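Undergrad: Got a structure for you, written out below as structure tokens; questions coming shortly.
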Amino acid sequence: MEQSTGGAIPKKFSRNVLLLKNGDFPRINDRVYMPTASEISKLKHSVQLGQFKRKVEFDASMSEDRIKKKLEETFPYLVNRRFSCAAVVKLDKDSSKFEFHGSPRPWSANTISSKIRGNSALYILEDEVPNSATETSTTILASEINQRSHTASRNTCSGTELLARISAAQICHFPLQPSMHSVSLASCNNSMRVFFERASLD
């Protein structure tokens, strides 16, 4: 499929592709690090997870936008999510790193063809979820509790008290440590909801 002359990119080519979701790899101070070899092997061999696809076909004329759409079709999980393409380069015998070849982004077909060679896999890394998503959720939950407090005088609390409770709920805003996997936003929201419901009864 990739036979060509003069080094030209063939009209169609295929690459193995591995999707790494948030929590599949360490992220420290806005830098991403490789999962262990055993973790990568588990992802590649898990049919249930479905995060590794062999011989995904690309057209040489595909732009970054078309590649993004192709990857979303290949991995429906990526729809409405931000993600970047990366290669893996060896630093030495025992260590490797992700290489984005510029700013993290979906690549064009030309970049994929030139940077992912032989049996190497194209890595797709889900971008970090901005803190604003959690902050928005906190605001919504606070609004719900505030509305409930107005419907029952015994549950009302002053603006100062409500702000103090929101501040306490910031326990959900903690950095991801190397040994930790991502925390479910839904789980965090549930914990915050319980906190506010208990606080409204104080």
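In the structure tokens, each chain is lettered A, B, ... as it comes, each chain's residues begin at 1, and ligands are numbered from 1 in order of appearance.
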Could you pull out the strand (DSSP E) residues of region 1-144 of chain A, going by DSSP on the backbone, and write them as a count of residues only?
TA: 39
Undergrad: For Tyr77 (chain A), find every residue with an atom within 10 Å (counting only C-alpha atoms), except residues of its own chain fewer than 6 positions away, and show them as a list in words.
TA: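 Once the nearby chain positions are removed, what remains is Leu19, Lys21, Gln51, Leu71 and Glu126 of chain A.
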Undergrad: Would you kindly return, as a ChimeraX atom specification, each protein, DNA or RNA residue with an atom no farther than 8 Å from any atom of Ala87 (chain A), considering only C-alpha atoms and excluding same-chain residues fewer than 4 positions away?
TA: /A:98-100,115-116,121-123
Undergrad: Restricting the calculation to only C-alpha atoms: of A:Val47, A:Ile28, A:Val129, A:Cys85, which residue gets closest to Lys68 (chain A)?
TA: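 Checking each candidate against Lys68 (chain A), we get A:Cys85 as the closest.
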Undergrad: For CA of Asp24 (chain A) and CA of Ala109 (chain A), quote the distance in Å rounded to one decimal.
TA: 25.1 Å
Undergrad: What parts of region 63-121 of chain A does DSSP call helix (DSSP H, G or I)? I'd like the answer as a list in words.
TA: Glu64, Asp65, Arg66, Ile67, Lys68, Lys69, Lys70, Leu71, Glu72, Glu73, Thr74, Pro76, Tyr77, Leu78, Ala109, Asn110, Thr111, Ile112, Ser113, Ser114 and Lys115 of chain A
Undergrad: Skipping near chain neighbours, those fewer than 6 positions away, what residues fall within 10 Å of Lys69 (chain A) using only C-alpha atoms, listed as a PyMOL selection string?
TA: chain A and resi 63+75-76+78-79+106
Undergrad: Please compute the CA of Ser120 (chain A)-CA of Asn22 (chain A) distance, one decimal, in Å.
TA: 21.6 Å
Undergrad: CA of Lys42 (chain A) to CA of Ser114 (chain A): how many Å, to one decimal?
TA: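 Distance reported for this atom pair: 27.1 Å.
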Undergrad: Give me the residues near Phe25 (chain A) as a PyMOL selection string, where near means some atom within 8 Å (using only C-alpha atoms) and where sequence neighbours in that chain fewer than 3 positions away do not count.
TA: chain A and resi 20-22+32-35+181
Undergrad: I need the residue nearest Arg81 (chain A) from this list: A:Leu125, A:Leu49, A:Ala60, A:Ile40. Use only C-alpha atoms for the distance.
TA: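 Among the listed residues, the smallest separation from Arg81 (chain A) belongs to A:Leu125.
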